[in-house]
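Listing of my_file25.cif; format and content: mmCIF, C-alpha atoms.
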data_target
#
loop_
_atom_site.label_atom_id
_atom_site.label_comp_id
_atom_site.auth_asym_id
_atom_site.auth_seq_id
_atom_site.Cartn_x
_atom_site.Cartn_y
_atom_site.Cartn_z
CA MET B 23 191.51 -10.90 105.71
CA ARG B 24 193.75 -10.82 102.68
CA THR B 25 192.73 -11.25 99.04
CA TRP B 26 194.77 -10.70 95.91
CA ILE B 27 195.30 -11.48 92.23
CA THR B 28 198.76 -12.73 91.34
CA ARG B 29 200.85 -13.52 88.30
CA ASP B 30 203.19 -15.68 90.36
CA VAL B 31 203.00 -19.33 91.31
CA ILE B 32 200.63 -19.73 94.27
CA ASP B 33 202.26 -21.15 97.39
CA PRO B 34 199.47 -22.94 99.32
CA ALA B 35 201.40 -22.83 102.60
CA ALA B 36 201.75 -19.07 102.33
CA VAL B 37 197.99 -18.68 101.81
CA LEU B 38 197.25 -20.92 104.78
CA ALA B 39 199.68 -18.88 106.87
CA GLU B 40 197.46 -15.81 106.31
CA VAL B 41 194.74 -17.29 108.52
CA GLY B 42 194.64 -18.92 111.95
CA ALA B 43 194.46 -17.57 115.49
CA PRO B 44 195.00 -18.95 119.00
CA GLN B 45 191.22 -19.28 119.45
CA HIS B 46 190.78 -21.07 116.09
CA GLY B 47 190.60 -24.84 116.21
CA ALA B 48 190.03 -25.37 112.47
CA ALA B 49 191.73 -24.22 109.27
CA VAL B 50 190.53 -25.23 105.79
CA LEU B 51 192.55 -24.83 102.60
CA PHE B 52 190.94 -25.22 99.17
CA LEU B 53 193.01 -25.36 95.99
CA GLY B 54 191.66 -25.05 92.46
CA VAL B 55 193.99 -27.14 90.31
CA VAL B 56 194.30 -27.51 86.52
CA ARG B 57 193.06 -30.99 85.66
CA ASP B 58 193.93 -33.12 82.68
CA HIS B 59 190.45 -33.38 81.17
CA ASN B 60 187.22 -31.46 80.69
CA GLU B 61 184.00 -32.70 79.13
CA GLY B 62 185.77 -35.78 77.87
CA ARG B 63 188.69 -33.98 76.22
CA PRO B 64 192.31 -34.21 77.34
CA VAL B 65 193.48 -30.80 78.61
CA VAL B 66 197.13 -29.78 78.36
CA SER B 67 197.04 -26.31 79.92
CA ILE B 68 194.85 -23.34 80.75
CA ARG B 69 195.33 -19.63 80.25
CA TYR B 70 193.62 -17.32 82.74
CA GLU B 71 192.56 -13.80 81.82
CA ALA B 72 191.31 -11.44 84.53
CA TYR B 73 189.77 -7.99 84.56
CA GLU B 74 192.36 -7.39 87.19
CA ALA B 75 191.11 -4.21 88.88
CA MET B 76 187.57 -5.52 89.15
CA ALA B 77 188.65 -9.06 90.08
CA ALA B 78 190.68 -7.70 93.00
CA ARG B 79 187.64 -5.77 94.15
CA VAL B 80 185.16 -8.64 93.74
CA LEU B 81 187.49 -11.04 95.55
CA ALA B 82 187.71 -8.60 98.48
CA GLU B 83 183.93 -8.06 98.47
CA THR B 84 183.05 -11.75 98.41
CA ALA B 85 185.53 -12.48 101.20
CA ALA B 86 184.17 -9.60 103.30
CA GLU B 87 180.63 -10.89 102.81
CA ALA B 88 181.68 -14.40 103.81
CA ALA B 89 183.49 -13.09 106.88
CA MET B 90 180.34 -11.31 108.08
CA ARG B 91 178.53 -14.64 108.41
CA VAL B 92 180.78 -15.94 111.19
CA PRO B 93 182.22 -13.46 113.71
CA GLY B 94 185.97 -13.81 114.07
CA VAL B 95 186.52 -16.03 111.05
CA ARG B 96 189.74 -15.35 109.11
CA ILE B 97 189.94 -15.59 105.32
CA ALA B 98 192.62 -15.47 102.63
CA ALA B 99 191.98 -15.92 98.91
CA VAL B 100 194.16 -15.58 95.81
CA HIS B 101 193.50 -16.15 92.12
CA ARG B 102 196.21 -16.43 89.53
CA GLU B 103 196.20 -14.64 86.20
CA GLU B 104 198.34 -15.94 83.36
CA ARG B 105 197.63 -14.37 79.99
CA VAL B 106 200.93 -14.85 78.29
CA GLY B 107 202.08 -18.20 79.57
CA GLU B 108 199.86 -21.07 80.64
CA LEU B 109 199.13 -23.10 83.73
CA ARG B 110 199.97 -26.77 83.21
CA VAL B 111 198.08 -29.73 84.60
CA GLY B 112 198.55 -29.85 88.39
CA GLU B 113 199.22 -26.13 88.83
CA VAL B 114 197.16 -24.13 91.33
CA SER B 115 194.91 -21.40 89.90
CA LEU B 116 192.98 -20.49 93.06
CA ALA B 117 193.55 -20.87 96.79
CA VAL B 118 191.09 -20.14 99.59
CA ALA B 119 191.97 -20.51 103.27
CA VAL B 120 189.54 -20.09 106.14
CA SER B 121 190.09 -20.51 109.86
CA SER B 122 187.49 -20.49 112.59
CA ALA B 123 186.84 -21.72 116.10
CA HIS B 124 185.18 -24.92 114.82
CA ARG B 125 185.40 -27.04 111.70
CA ALA B 126 181.79 -26.82 110.54
CA GLU B 127 181.85 -23.06 110.08
CA ALA B 128 185.31 -23.14 108.50
CA PHE B 129 184.09 -25.62 105.87
CA ASP B 130 180.82 -23.72 105.34
CA VAL B 131 182.48 -20.34 104.91
CA ALA B 132 185.10 -21.74 102.54
CA ARG B 133 182.47 -23.51 100.45
CA ASP B 134 180.16 -20.50 100.22
CA LEU B 135 183.01 -18.15 99.38
CA LEU B 136 184.16 -20.49 96.64
CA GLU B 137 180.71 -20.61 95.07
CA GLU B 138 180.49 -16.80 95.08
CA ILE B 139 183.94 -16.53 93.51
CA LYS B 140 182.84 -18.93 90.77
CA ARG B 141 179.70 -16.90 90.19
CA ARG B 142 181.09 -13.38 90.28
CA LEU B 143 184.85 -13.15 89.76
CA PRO B 144 185.60 -11.57 86.35
CA VAL B 145 188.12 -14.19 85.28
CA TRP B 146 188.03 -16.32 82.13
CA LYS B 147 189.85 -19.46 81.15
CA GLU B 148 190.94 -20.76 77.81
CA GLU B 149 191.71 -24.45 77.68
CA ARG B 150 194.28 -25.93 75.35
CA TYR B 151 193.71 -29.53 74.37
CA ALA B 152 196.01 -32.35 73.39
CA ASP B 153 195.07 -31.89 69.71
CA GLY B 154 196.20 -28.24 69.82
CA GLU B 155 192.72 -26.71 69.73
CA ARG B 156 191.84 -23.92 72.19
CA ARG B 157 188.50 -22.96 73.63
CA TRP B 158 187.14 -20.32 76.03
CA LEU B 159 184.99 -22.02 78.62
CA GLY B 160 181.32 -21.08 78.82
CA GLY B 161 181.26 -20.41 82.54
CA GLU B 162 178.62 -18.72 84.65
CA LEU B 163 176.48 -15.69 83.89
CA PRO B 164 177.37 -13.14 86.54
CA PRO B 165 174.50 -11.65 88.56
CA VAL B 166 172.71 -8.72 86.97
CA PRO B 167 171.86 -6.09 89.58
CA GLN B 168 168.66 -4.11 89.53
CA GLU B 169 168.79 -0.64 88.01
CA THR B 170 171.28 1.28 90.08
CA GLY B 171 169.62 4.69 89.67
CA ARG B 172 172.94 6.46 89.71
CA MET S 9 179.92 11.94 76.01
CA ARG S 10 182.69 9.44 75.58
CA VAL S 11 183.15 6.16 77.44
CA ARG S 12 185.96 3.65 77.50
CA VAL S 13 184.95 0.08 76.69
CA LEU S 14 186.99 -2.92 77.84
CA LEU S 15 186.71 -6.32 76.18
CA PHE S 16 187.92 -9.63 77.58
CA ALA S 17 188.41 -13.25 76.55
CA GLN S 18 186.22 -14.27 73.61
CA TYR S 19 184.78 -10.74 73.26
CA ARG S 20 188.31 -9.38 72.89
CA GLU S 21 188.97 -11.92 70.18
CA PHE S 22 185.69 -11.13 68.38
CA ALA S 23 186.64 -7.44 68.28
CA GLY S 24 190.37 -7.87 67.71
CA THR S 25 191.05 -5.30 70.44
CA SER S 26 190.87 -5.07 74.22
CA ALA S 27 189.72 -1.45 74.49
CA LEU S 28 187.64 1.06 72.52
CA GLU S 29 186.59 4.68 72.98
CA VAL S 30 182.92 5.19 72.10
CA ASP S 31 180.96 8.42 71.66
CA LEU S 32 177.35 8.23 72.82
CA PRO S 33 174.45 10.64 73.21
CA ASP S 34 174.16 12.02 76.75
CA GLY S 35 171.99 9.83 78.93
CA ALA S 36 172.70 6.65 76.97
CA THR S 37 172.43 3.45 79.01
CA ALA S 38 174.77 0.48 79.22
CA GLY S 39 172.30 -1.45 77.08
CA ALA S 40 172.35 1.27 74.44
CA LEU S 41 176.15 1.09 74.36
CA VAL S 42 176.01 -2.66 73.71
CA ALA S 43 173.53 -2.06 70.87
CA VAL S 44 175.78 0.60 69.32
CA LEU S 45 178.80 -1.70 69.49
CA ARG S 46 176.94 -4.65 67.99
CA GLY S 47 175.74 -2.39 65.19
CA ARG S 48 179.31 -1.58 64.24
CA GLY S 49 179.97 -5.12 63.07
CA GLY S 50 183.56 -6.20 62.47
CA GLY S 51 183.08 -9.05 64.92
CA LEU S 52 181.40 -6.93 67.60
CA GLU S 53 178.03 -8.26 66.43
CA ARG S 54 179.06 -11.62 67.91
CA ILE S 55 178.82 -10.18 71.43
CA PRO S 56 175.43 -11.26 72.80
CA ALA S 57 172.88 -8.44 73.18
CA THR S 58 172.26 -9.76 76.71
CA THR S 59 175.89 -9.63 77.82
CA ALA S 60 176.68 -8.74 81.42
CA VAL S 61 178.31 -5.36 81.90
CA ALA S 62 180.31 -3.63 84.60
CA VAL S 63 180.50 0.14 84.99
CA ASN S 64 183.53 1.49 86.86
CA LEU S 65 184.37 -1.96 88.29
CA GLU S 66 180.84 -2.90 89.44
CA TYR S 67 178.27 -5.11 87.79
CA ALA S 68 175.51 -2.95 86.34
CA SER S 69 172.17 -3.50 84.66
CA SER S 70 171.48 -2.66 81.01
CA GLU S 71 169.32 0.21 82.30
CA THR S 72 172.23 1.90 84.04
CA PRO S 73 172.78 5.38 82.63
CA LEU S 74 176.35 6.11 81.58
CA ARG S 75 178.38 9.22 82.18
CA ASP S 76 181.26 10.84 80.36
CA GLY S 77 184.52 9.09 81.23
CA ASP S 78 182.94 5.87 82.50
CA GLU S 79 184.86 2.62 82.11
CA VAL S 80 182.43 0.01 80.81
CA ALA S 81 183.52 -3.61 80.64
CA LEU S 82 181.57 -6.21 78.69
CA ILE S 83 181.74 -9.35 80.80
CA PRO S 84 181.57 -12.78 79.10
CA PRO S 85 180.30 -15.67 81.24
CA VAL S 86 182.89 -15.92 84.00
CA ALA S 87 185.00 -19.03 84.58
CA GLY S 88 187.37 -18.46 87.45
CA GLY S 89 188.67 -21.14 89.77
#
Would you mind giving the structure from this file in structure tokens?
Amino acid sequence: MRTWITRDVIDPAAVLAEVGAPQHGAAVLFLGVVRDHNEGRPVVSIRYEAYEAMAARVLAETAAEAAMRVPGVRIAAVHREERVGELRVGEVSLAVAVSSAHRAEAFDVARDLLEEIKRRLPVWKEERYADGERRWLGGELPPVPQETGR
Amino acid sequence: MRVRVLLFAQYREFAGTSALEVDLPDGATAGALVAVLRGRGGGLERIPATTAVAVNLEYASSETPLRDGDEVALIPPVAGG
């Protein structure tokens, strides 16, 4: 399993190369890509801000949890952070690769991991629109744990 | 005690800074910290009272007691992917 936060361009082939095994007959690669519209507005680019130390930890935790569901599954996940510059339409912000013996579990694990990343990863995006306006997206409320009693 | 507060995304913009040092009475909770910050004004009052928080890199409840030297991040709704 390998998970990381990067400031570099994500190479999907390199992420896919992190998974796979002789006994694995299926490998799934998901890419999150900047699209040219959101809620009816033309999007030019997106800036991604991460709480990097915590994001690295949450990404590793979510991947470890996903891996526990299917013995032997292999997982790689990377999220890009770009605070200064911006990701343009078509650029990859997130890549998740999963390999397993069979396709159903590879798809399931990838899908579940993705939903957990969306729910928990401390990353925020600011969209820039064709008219020059910028806006932080509302996003998801992360889970609130019960009192930790520390 | 003193804790370090980290602010991100829209919260950072509300406050005009990404980090603050805050003095609190011993035994103060994460929720109490949020209330203290909101009471300072200067944009911090725009942070929702119900904001998610993380203490030392883990999500925590508003009831979580803080300790001297803790790193407390106020977490806006997340939007990765």
Quick one: residues within 7 Å of region 31-44 of chain B, only C-alpha atoms, excluding same-chain residues fewer than 4 positions away - as a PyMOL selection string?
chain B and resi 49+51+96-98+114+117+119-121
Could you list, as a VMD selection string, the residues of chain B having an atom within 8 Å of chain S when counting all atoms listed in the file?
chain B and resid 54 70 to 73 75 to 76 79 101 115 to 116 139 to 147 158 to 172
Using the selection just defined, write its residues with C-alpha atoms as an mmCIF file, keeping the file's coordinate frame.
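Result saved to result_14.cif:
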data_model
loop_
_atom_site.group_PDB
_atom_site.id
_atom_site.type_symbol
_atom_site.label_atom_id
_atom_site.label_comp_id
_atom_site.auth_asym_id
_atom_site.auth_seq_id
_atom_site.Cartn_x
_atom_site.Cartn_y
_atom_site.Cartn_z
ATOM 1 C CA GLY B 54 191.660 -25.050 92.460
ATOM 2 C CA TYR B 70 193.620 -17.320 82.740
ATOM 3 C CA GLU B 71 192.560 -13.800 81.820
ATOM 4 C CA ALA B 72 191.310 -11.440 84.530
ATOM 5 C CA TYR B 73 189.770 -7.990 84.560
ATOM 6 C CA ALA B 75 191.110 -4.210 88.880
ATOM 7 C CA MET B 76 187.570 -5.520 89.150
ATOM 8 C CA ARG B 79 187.640 -5.770 94.150
ATOM 9 C CA HIS B 101 193.500 -16.150 92.120
ATOM 10 C CA SER B 115 194.910 -21.400 89.900
ATOM 11 C CA LEU B 116 192.980 -20.490 93.060
ATOM 12 C CA ILE B 139 183.940 -16.530 93.510
ATOM 13 C CA LYS B 140 182.840 -18.930 90.770
ATOM 14 C CA ARG B 141 179.700 -16.900 90.190
ATOM 15 C CA ARG B 142 181.090 -13.380 90.280
ATOM 16 C CA LEU B 143 184.850 -13.150 89.760
ATOM 17 C CA PRO B 144 185.600 -11.570 86.350
ATOM 18 C CA VAL B 145 188.120 -14.190 85.280
ATOM 19 C CA TRP B 146 188.030 -16.320 82.130
ATOM 20 C CA LYS B 147 189.850 -19.460 81.150
ATOM 21 C CA TRP B 158 187.140 -20.320 76.030
ATOM 22 C CA LEU B 159 184.990 -22.020 78.620
ATOM 23 C CA GLY B 160 181.320 -21.080 78.820
ATOM 24 C CA GLY B 161 181.260 -20.410 82.540
ATOM 25 C CA GLU B 162 178.620 -18.720 84.650
ATOM 26 C CA LEU B 163 176.480 -15.690 83.890
ATOM 27 C CA PRO B 164 177.370 -13.140 86.540
ATOM 28 C CA PRO B 165 174.500 -11.650 88.560
ATOM 29 C CA VAL B 166 172.710 -8.720 86.970
ATOM 30 C CA PRO B 167 171.860 -6.090 89.580
ATOM 31 C CA GLN B 168 168.660 -4.110 89.530
ATOM 32 C CA GLU B 169 168.790 -0.640 88.010
ATOM 33 C CA THR B 170 171.280 1.280 90.080
ATOM 34 C CA GLY B 171 169.620 4.690 89.670
ATOM 35 C CA ARG B 172 172.940 6.460 89.710
#
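Residues matched by the PyMOL selection byres ((chain S and resi 29-32) around 7) in this structure: Met9, Arg10, Val11, Arg12, Val13, Leu28, Pro33, Asp34 and Ala36 of chain S.
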Just the number, please: distance in Å from CA of Val106 (chain B) to CA of Ser26 (chain S), one decimal.
14.6 Å
Nearest residue to Gly107 (chain B) from the set B:Asp58, B:Asp130, B:Asp30, B:Glu87 (distances using only C-alpha atoms)
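Residue with the minimum atom-to-atom distance to Gly107 (chain B): B:Asp30.
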Work out how far apart CA of Glu148 (chain B) and CA of Thr25 (chain S) are and give it in Å to one decimal.
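Going from CA of Glu148 (chain B) over to CA of Thr25 (chain S), I get 17.1 Å.
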When you count all atoms listed in the file, which of these residues is closest to Ala78 (chain B): B:Arg150, B:Arg102, B:His124, B:Arg57?
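The answer is B:Arg102, which sits nearest to Ala78 (chain B).
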12 Å contact set for Ala126 (chain B), only C-alpha atoms, chain neighbours under 5 positions out, as a ChimeraX atom specification
/B:47-50,92,95,120-121,131-133
Taking 4 positions as the minimum chain separation for residues in the same chain, which residues sit within 7 Å of Arg110 (chain B) when counting only C-alpha atoms? Answer as an MDAnalysis selection string.
chainID B and resid 56 66:68
For those residues, write C-alpha atoms to a file as an mmCIF file, in the frame of the given file.
data_model
loop_
_atom_site.group_PDB
_atom_site.id
_atom_site.type_symbol
_atom_site.label_atom_id
_atom_site.label_comp_id
_atom_site.auth_asym_id
_atom_site.auth_seq_id
_atom_site.Cartn_x
_atom_site.Cartn_y
_atom_site.Cartn_z
ATOM 1 C CA VAL B 56 194.300 -27.510 86.520
ATOM 2 C CA VAL B 66 197.130 -29.780 78.360
ATOM 3 C CA SER B 67 197.040 -26.310 79.920
ATOM 4 C CA ILE B 68 194.850 -23.340 80.750
#
Expressed in Å, the length from CA of Leu136 (chain B) to CA of Ile27 (chain B) is 15.0 Å
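Proximity ranking of B:Leu53, B:Ala77, B:Ala82, B:Gly154 relative to Glu113 (chain B) places B:Leu53 first, based on all atoms listed in the file.
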Tell me, as a PyMOL selection string, which residues lie within 9 Å of Ala57 (chain S), counting only C-alpha atoms; anything in the same chain fewer than 2 positions away does not count.
chain S and resi 39+42-43+46+53-55+59
